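Chemist: For reference, this is data.cif, and it has mmCIF, C-alpha atoms.
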data_final
loop_
_atom_site.label_atom_id
_atom_site.label_comp_id
_atom_site.auth_asym_id
_atom_site.auth_seq_id
_atom_site.Cartn_x
_atom_site.Cartn_y
_atom_site.Cartn_z
CA MET R 1 35.46 -4.58 19.66
CA LYS R 2 34.62 -7.96 18.10
CA ILE R 3 32.29 -8.07 15.10
CA ILE R 4 29.68 -10.85 15.12
CA SER R 5 29.14 -12.55 11.78
CA PRO R 6 25.60 -12.21 10.33
CA LEU R 7 25.56 -15.98 9.91
CA ILE R 8 26.13 -16.42 13.64
CA VAL R 9 23.29 -14.01 14.41
CA VAL R 10 20.92 -15.98 12.17
CA PHE R 11 22.03 -19.23 13.79
CA LEU R 12 21.42 -17.84 17.27
CA ILE R 13 17.93 -16.64 16.32
CA ILE R 14 17.00 -20.02 14.86
CA SER R 15 18.44 -21.81 17.88
CA CYS R 16 16.42 -19.63 20.25
CA LYS R 17 13.25 -20.34 18.28
CA ASP R 18 13.94 -24.06 18.34
CA ARG R 19 14.55 -24.01 22.09
CA SER R 20 11.40 -21.97 22.78
CA ALA R 21 9.31 -24.35 20.66
CA SER R 22 10.67 -27.47 22.33
CA ALA R 23 10.42 -25.90 25.80
CA ILE R 24 6.63 -25.77 25.73
CA SER R 25 5.11 -27.88 28.47
CA VAL R 26 2.39 -30.47 28.02
CA GLN R 27 0.14 -28.38 30.27
CA GLU R 28 0.57 -25.37 27.99
CA ILE R 29 -0.28 -27.49 24.96
CA VAL R 30 -3.52 -28.74 26.50
CA ASP R 31 -4.45 -25.29 27.82
CA LYS R 32 -3.98 -23.77 24.38
CA SER R 33 -5.97 -26.58 22.78
CA ILE R 34 -8.91 -26.10 25.12
CA MET R 35 -8.79 -22.36 24.55
CA VAL R 36 -8.90 -22.54 20.74
CA SER R 37 -11.61 -25.18 20.92
CA GLY R 38 -14.02 -23.25 23.11
CA GLY R 39 -12.37 -22.34 26.40
CA GLU R 40 -14.83 -21.00 28.98
CA LYS R 41 -17.69 -21.51 26.54
CA TYR R 42 -17.65 -25.17 27.56
CA ARG R 43 -18.66 -24.09 31.06
CA ASN R 44 -21.12 -21.40 30.05
CA ASN R 45 -23.27 -23.36 27.62
CA ASP R 46 -25.48 -26.42 27.43
CA ILE R 47 -24.79 -28.67 24.45
CA PHE R 48 -27.26 -30.87 22.60
CA TYR R 49 -26.70 -33.28 19.71
CA LYS R 50 -27.79 -36.53 18.14
CA PHE R 51 -25.54 -39.57 17.81
CA ARG R 52 -26.95 -42.61 16.08
CA ASP R 53 -30.29 -43.51 17.74
CA PHE R 54 -29.93 -41.27 20.78
CA GLN R 55 -30.20 -37.62 21.72
CA TYR R 56 -27.51 -36.34 24.06
CA ALA R 57 -27.43 -33.32 26.35
CA SER R 58 -24.68 -31.80 28.48
CA GLU R 59 -26.20 -29.30 30.90
CA TRP R 60 -24.86 -27.22 33.76
CA LYS R 61 -26.79 -26.98 37.02
CA ASP R 62 -25.39 -25.02 39.97
CA GLY R 63 -21.87 -25.40 38.58
CA VAL R 64 -22.22 -29.16 38.09
CA ARG R 65 -22.33 -30.79 34.66
CA ILE R 66 -25.18 -33.22 34.08
CA LEU R 67 -24.86 -35.67 31.18
CA LYS R 68 -27.98 -37.08 29.54
CA ARG R 69 -28.88 -39.67 26.93
CA ILE R 70 -32.42 -39.81 25.59
CA ARG R 71 -34.16 -42.35 23.41
CA THR R 72 -37.75 -41.89 22.29
CA THR R 73 -40.06 -44.35 20.58
CA ASP R 74 -43.77 -44.13 19.83
CA SER R 75 -44.75 -45.12 23.37
CA THR R 76 -41.61 -44.82 25.50
CA LYS R 77 -39.11 -42.15 26.48
CA VAL R 78 -35.99 -43.35 28.27
CA VAL R 79 -33.76 -40.71 29.85
CA ASP R 80 -30.39 -41.67 31.37
CA VAL R 81 -28.94 -39.03 33.68
CA LYS R 82 -25.33 -39.08 34.92
CA GLY R 83 -24.23 -36.68 37.64
CA ILE R 84 -20.90 -36.53 39.42
CA HIS R 85 -21.64 -39.34 41.86
CA ASN R 86 -24.80 -41.01 40.63
CA PHE R 87 -26.69 -42.40 37.68
CA GLU R 88 -30.46 -42.53 37.21
CA ARG R 89 -32.75 -43.91 34.54
CA PHE R 90 -36.24 -42.56 33.91
CA VAL R 91 -38.84 -44.30 31.75
CA ASN R 92 -41.76 -42.04 30.86
CA ASP R 93 -40.69 -39.74 33.72
CA SER R 94 -40.70 -42.55 36.31
CA LEU R 95 -37.46 -43.44 38.10
CA VAL R 96 -36.43 -47.05 37.44
CA PRO R 97 -34.40 -48.90 40.13
CA LEU R 98 -31.20 -50.43 38.72
CA LYS R 99 -28.59 -52.79 40.07
CA ASP R 100 -25.23 -51.10 40.61
CA SER R 101 -23.58 -53.21 37.91
CA ILE R 102 -26.17 -52.19 35.33
CA ALA R 103 -26.13 -48.54 36.42
CA ASN R 104 -22.33 -48.43 36.08
CA LEU R 105 -22.54 -49.99 32.61
CA TYR R 106 -25.04 -47.37 31.42
CA ALA R 107 -23.14 -44.54 33.10
CA ASN R 108 -19.89 -45.49 31.35
CA SER R 109 -21.69 -45.65 28.02
CA VAL R 110 -23.19 -42.18 28.46
CA ASN R 111 -19.89 -40.71 29.68
CA SER R 112 -17.92 -42.20 26.77
CA VAL R 113 -19.97 -40.52 24.06
CA HIS R 114 -19.88 -37.15 25.83
CA TYR R 115 -16.14 -37.48 26.47
CA PHE R 116 -15.26 -37.76 22.79
CA ALA R 117 -17.82 -35.15 21.72
CA HIS R 118 -16.34 -32.53 24.05
CA LEU R 119 -12.62 -33.08 23.47
CA PRO R 120 -10.24 -31.52 24.37
CA TYR R 121 -12.36 -30.29 27.28
CA GLY R 122 -11.83 -32.73 30.14
CA LEU R 123 -8.09 -33.16 29.67
CA ASN R 124 -7.49 -30.93 32.71
CA ASP R 125 -9.64 -33.01 35.05
CA PRO R 126 -7.89 -33.84 38.38
CA ALA R 127 -7.55 -37.58 37.57
CA VAL R 128 -5.81 -36.95 34.24
CA ASN R 129 -2.04 -37.44 33.89
CA LYS R 130 -0.38 -35.94 30.82
CA GLU R 131 3.04 -36.63 29.30
CA LEU R 132 4.62 -35.08 26.21
CA LEU R 133 6.14 -37.93 24.20
CA GLY R 134 7.72 -35.72 21.56
CA GLU R 135 7.11 -34.07 18.22
CA VAL R 136 6.12 -36.09 15.17
CA THR R 137 4.93 -35.62 11.60
CA VAL R 138 1.65 -37.09 10.38
CA LYS R 139 0.45 -36.54 6.81
CA ASP R 140 3.08 -33.80 6.30
CA LYS R 141 1.96 -31.82 9.36
CA GLU R 142 3.82 -31.44 12.64
CA TYR R 143 2.28 -32.49 15.93
CA PHE R 144 2.89 -32.63 19.66
CA LYS R 145 2.30 -36.27 20.68
CA VAL R 146 0.81 -36.46 24.17
CA LYS R 147 0.09 -39.49 26.35
CA VAL R 148 -2.84 -39.41 28.79
CA THR R 149 -3.45 -41.85 31.63
CA PHE R 150 -5.82 -41.72 34.60
CA ASP R 151 -5.59 -42.11 38.34
CA GLN R 152 -7.66 -44.92 39.80
CA LYS R 153 -9.44 -42.43 42.05
CA GLY R 154 -11.69 -40.32 39.86
CA GLY R 155 -10.53 -42.02 36.68
CA GLY R 156 -13.67 -44.08 36.16
CA LYS R 157 -14.08 -47.78 35.58
CA ASP R 158 -11.68 -47.78 32.62
CA TYR R 159 -8.92 -45.83 34.38
CA GLU R 160 -6.27 -48.25 33.05
CA ASP R 161 -6.92 -47.23 29.43
CA ILE R 162 -4.11 -45.36 27.64
CA TYR R 163 -4.84 -42.42 25.35
CA LEU R 164 -2.65 -40.58 22.85
CA TYR R 165 -3.39 -37.19 21.32
CA TRP R 166 -1.76 -35.48 18.36
CA PHE R 167 -2.01 -31.68 18.77
CA ASN R 168 -1.30 -29.66 15.63
CA LYS R 169 1.77 -27.50 16.34
CA GLU R 170 0.28 -24.52 14.50
CA THR R 171 -3.35 -24.62 15.59
CA PHE R 172 -3.05 -26.69 18.82
CA LYS R 173 -6.19 -28.57 17.78
CA PRO R 174 -6.24 -32.35 18.39
CA ASP R 175 -6.44 -33.69 14.84
CA TYR R 176 -5.93 -37.31 15.89
CA LEU R 177 -6.36 -39.48 18.96
CA GLY R 178 -5.70 -43.09 19.77
CA TYR R 179 -6.46 -45.30 22.73
CA LYS R 180 -5.86 -48.76 24.12
CA PHE R 181 -8.69 -50.28 26.14
CA TYR R 182 -9.00 -53.49 28.12
CA VAL R 183 -12.74 -54.14 28.51
CA ASP R 184 -14.34 -56.94 26.45
CA GLY R 185 -11.00 -58.41 25.42
CA GLY R 186 -9.35 -55.08 24.75
CA GLY R 187 -8.33 -53.31 21.57
CA ILE R 188 -6.58 -50.37 19.95
CA ARG R 189 -8.40 -47.55 18.17
CA PHE R 190 -7.22 -44.54 16.17
CA ARG R 191 -9.46 -41.63 15.26
CA ALA R 192 -8.88 -38.98 12.60
CA ALA R 193 -10.94 -35.81 12.97
CA TYR R 194 -12.79 -34.28 10.02
CA ASN R 195 -15.76 -32.01 9.32
CA GLU R 196 -14.68 -29.39 11.84
CA ARG R 197 -17.30 -26.76 12.66
CA TYR R 198 -17.85 -24.20 15.41
CA LEU R 199 -21.24 -23.67 17.01
CA GLY R 200 -21.65 -21.15 19.80
CA GLY R 201 -17.87 -20.73 19.74
CA ILE R 202 -17.26 -24.43 20.50
CA ARG R 203 -15.39 -26.77 18.16
CA PHE R 204 -17.06 -29.98 17.05
CA VAL R 205 -15.63 -32.67 14.77
CA ASP R 206 -16.56 -36.06 13.38
CA TYR R 207 -14.13 -38.97 13.34
CA GLU R 208 -12.98 -41.76 11.11
CA ASN R 209 -12.66 -44.64 13.59
CA TYR R 210 -9.86 -47.13 12.83
CA GLU R 211 -8.78 -50.40 14.42
CA ALA R 212 -5.24 -51.70 14.90
CA SER R 213 -4.40 -55.33 15.61
CA ILE R 214 -3.79 -55.64 19.35
CA GLU R 215 -1.57 -58.69 18.79
CA ASP R 216 0.68 -57.11 16.14
CA SER R 217 0.59 -53.40 17.02
CA SER R 218 1.51 -50.99 19.78
CA ILE R 219 -0.65 -48.02 20.73
CA TYR R 220 2.48 -45.89 20.31
CA GLU R 221 2.83 -46.87 16.64
CA VAL R 222 -0.69 -46.18 15.39
CA ASP R 223 0.25 -42.86 13.78
CA ARG R 224 2.85 -44.64 11.63
CA LEU R 225 0.38 -47.39 10.75
CA TYR R 226 -2.19 -44.76 9.79
CA GLU R 227 0.28 -43.10 7.43
CA LYS R 228 0.99 -46.46 5.78
CA ASN R 229 -2.75 -47.21 5.43
CA GLU R 230 -2.37 -50.29 7.61
CA LEU R 231 -5.36 -49.58 9.89
CA LYS R 232 -8.85 -50.95 9.33
CA LEU R 233 -11.66 -48.40 9.08
CA LEU R 234 -14.41 -49.60 11.43
CA SER R 235 -16.91 -46.76 11.40
CA LYS R 236 -17.51 -43.05 11.32
CA ILE R 237 -18.40 -41.11 14.45
CA GLU R 238 -20.78 -38.37 13.31
CA LEU R 239 -22.65 -35.86 15.46
CA GLU R 240 -25.90 -34.46 14.09
CA ASP R 241 -28.34 -31.69 14.97
CA ILE R 242 -25.88 -29.91 17.27
CA SER R 243 -27.11 -26.92 19.22
CA VAL R 244 -25.42 -24.78 21.87
CA LYS R 245 -27.43 -22.68 24.32
CA PRO R 246 -26.34 -20.46 27.22
CA SER R 247 -26.70 -22.22 30.57
CA ASN R 248 -29.34 -20.93 32.98
#
Go through the file and emit its structure as structure tokens.
Modeler:
Amino acid sequence: MKIISPLIVVFLIISCKDRSASAISVQEIVDKSIMVSGGEKYRNNDIFYKFRDFQYASEWKDGVRILKRIRTTDSTKVVDVKGIHNFERFVNDSLVPLKDSIANLYANSVNSVHYFAHLPYGLNDPAVNKELLGEVTVKDKEYFKVKVTFDQKGGGKDYEDIYLYWFNKETFKPDYLGYKFYVDGGGIRFRAAYNERYLGGIRFVDYENYEASIEDSSIYEVDRLYEKNELKLLSKIELEDISVKPSN
């Protein structure tokens, strides 16, 4: 009977661990991220928060999510409401007719704020395509680097945009994200999450919002540029007065 060296046993164990870690699929990464960030609580709760000069609300009605943006002044209350297939604007509770081009512009603006506020929820939508680019290190932590693109059908007006997410290999939380967009001349952005907090079991973060030169940079290199402090800090994305309430 042959005797297996202890060193070989250790090597086999390490090799198995390495293979199991690298064998994880991009779908498993996103599923785990959504789970640790709130899971089903995203679908069981209405979410309210303030961002800059607007109040935002994400509410569920008969299994459909309704996104709202509200701005109130001394004499006027404007409520923008985005459903699955339509957009409506109300001024002091009266419906205001809008041209399709204007309605689409407002709808995209409302959707964009809610999209970032609810990440990683939404990354399993039918129009989303996910690809695992590999494993990288950012600021001495290891990450799964994931590329997200969108189908034209169901992907919205900006379906050609490219997104990258860096999921922490230990926590599966998306600590960083980057995206390349084409509207208004295009650009590249990189966001670093901070001020993590959980309300109602749902994870919320704020972001440092950086810009990369679209002429001299690639969206796929922004993590390296961030590490070398070669990105320009544009703004901070901060959510205020967050509340989470069970849906009716």
Chemist: Counting all atoms listed in the file, which residues of segment 82-134 of chain R sit at most 12 Å from some atom of segment 186-196 of chain R, and what is each one's closest atom pair with its distance in Å to one decimal, listed by chain and rising residue number, as a Markdown table?
Modeler:
| residue | atom | partner | partner_atom | distance |
| --- | --- | --- | --- | --- |
| R:Phe116 | CA | R:Arg191 | CA | 10.3 |
| R:Ala117 | CA | R:Ala193 | CA | 11.2 |
| R:Leu119 | CA | R:Ala193 | CA | 11.0 |
Chemist: Counting all atoms listed in the file, which residue out of R:Asn86, R:Phe181, R:Glu40, R:Leu133 sits closest to Leu98 of chain R?
Modeler: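 Looking at the shortest contact to Leu98 of chain R, the residue is R:Asn86.
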Chemist: Near Val64 of chain R, counting all atoms listed in the file, which residues have an atom at most 10 Å away, once you skip same-chain residues fewer than 6 positions from it, shown as a list in words?
Modeler: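 After dropping sequence-adjacent residues, the list is Arg43, Gly83 and Ile84 of chain R.
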Chemist: Care to translate the PyMOL selection byres ((chain R and resi 236) around 9) into actual residues of this file, as a VMD selection string?
Modeler: chain R and resid 206 to 210 233 to 235 237 to 238
Chemist: Figure out the distance between atom CA of Leu67 of chain R and atom CA of Asn108 of chain R, please, to one decimal in Å.
Modeler: 11.0 Å
Chemist: Nearest to Leu105 of chain R: which of R:Pro126, R:Ser218, R:Val183, R:Glu135 is it, counting all atoms listed in the file?
Modeler: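 Comparing R:Pro126, R:Ser218, R:Val183, R:Glu135 against Leu105 of chain R, the winner is R:Val183.
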Chemist: What does the structure give for the distance between atom CA of Asn104 of chain R and atom CA of Ile70 of chain R, in Å to one decimal?
Modeler: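 Computing it gives 16.9 Å between the two atoms.
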Chemist: Could you work out how far atom CA of Tyr121 of chain R lies from atom CA of Gln27 of chain R, giving the answer in Å with one decimal?
Modeler: 13.0 Å
Chemist: On this structure, which residues satisfy the PyMOL selection byres ((chain R and resi 80) around 7), written as a PDB file with C-alpha atoms, in the coordinates of the input?
Modeler:
ATOM      1  CA  LYS R  68     -27.980 -37.080  29.540  1.00  0.00           C
ATOM      2  CA  ARG R  69     -28.880 -39.670  26.930  1.00  0.00           C
ATOM      3  CA  ILE R  70     -32.420 -39.810  25.590  1.00  0.00           C
ATOM      4  CA  VAL R  78     -35.990 -43.350  28.270  1.00  0.00           C
ATOM      5  CA  VAL R  79     -33.760 -40.710  29.850  1.00  0.00           C
ATOM      6  CA  VAL R  81     -28.940 -39.030  33.680  1.00  0.00           C
ATOM      7  CA  LYS R  82     -25.330 -39.080  34.920  1.00  0.00           C
ATOM      8  CA  GLU R  88     -30.460 -42.530  37.210  1.00  0.00           C
ATOM      9  CA  ARG R  89     -32.750 -43.910  34.540  1.00  0.00           C
ATOM     10  CA  PHE R  90     -36.240 -42.560  33.910  1.00  0.00           C
TER      11      PHE R  90
END
Chemist: Go ahead and fit an axis-aligned box to every listed atom of segment 51-62 of chain R plus 6 Å each side, and pass me the centre and edge lengths in Å, one decimal, as JSON.
Modeler:
{"center_x": -27.5, "center_y": -34.3, "center_z": 28.0, "size_x": 17.6, "size_y": 30.5, "size_z": 35.9}
Chemist: Using only C-alpha atoms, pick whichever of R:Leu123, R:Ile214, R:Ile34, R:Val138 has the shortest atom-to-atom distance to Lys228 of chain R.
Modeler: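 Checking each candidate against Lys228 of chain R, we get R:Val138 as the closest.
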Chemist: Which residue is closest to Ile24 of chain R? Choose from R:Lys141, R:Arg224, R:Lys169, R:Lys245 and count all atoms listed in the file.
Modeler: R:Lys169
Chemist: Neighbours of Glu227 of chain R within 10 Å (all atoms listed in the file; same-chain residues fewer than 6 positions away dropped), as a list of chain:residue names?
Modeler: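 Selected residues are R:Thr137, R:Val138, R:Lys139, R:Asp140.
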Chemist: Pick from R:Lys32, R:Val205, R:Asp158, R:Lys99: nearest to Asp184 of chain R, with only C-alpha atoms counted?
Modeler: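 Nearest candidate to Asp184 of chain R out of R:Lys32, R:Val205, R:Asp158, R:Lys99: R:Asp158.
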Chemist: Point out the residue among R:Leu239, R:Lys232, R:Phe172, R:Tyr165 with the least atom-to-atom distance to Arg197 of chain R, counting all atoms listed in the file.
Modeler: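 Looking only at the distances to Arg197 of chain R, the closest residue turns out to be R:Leu239.
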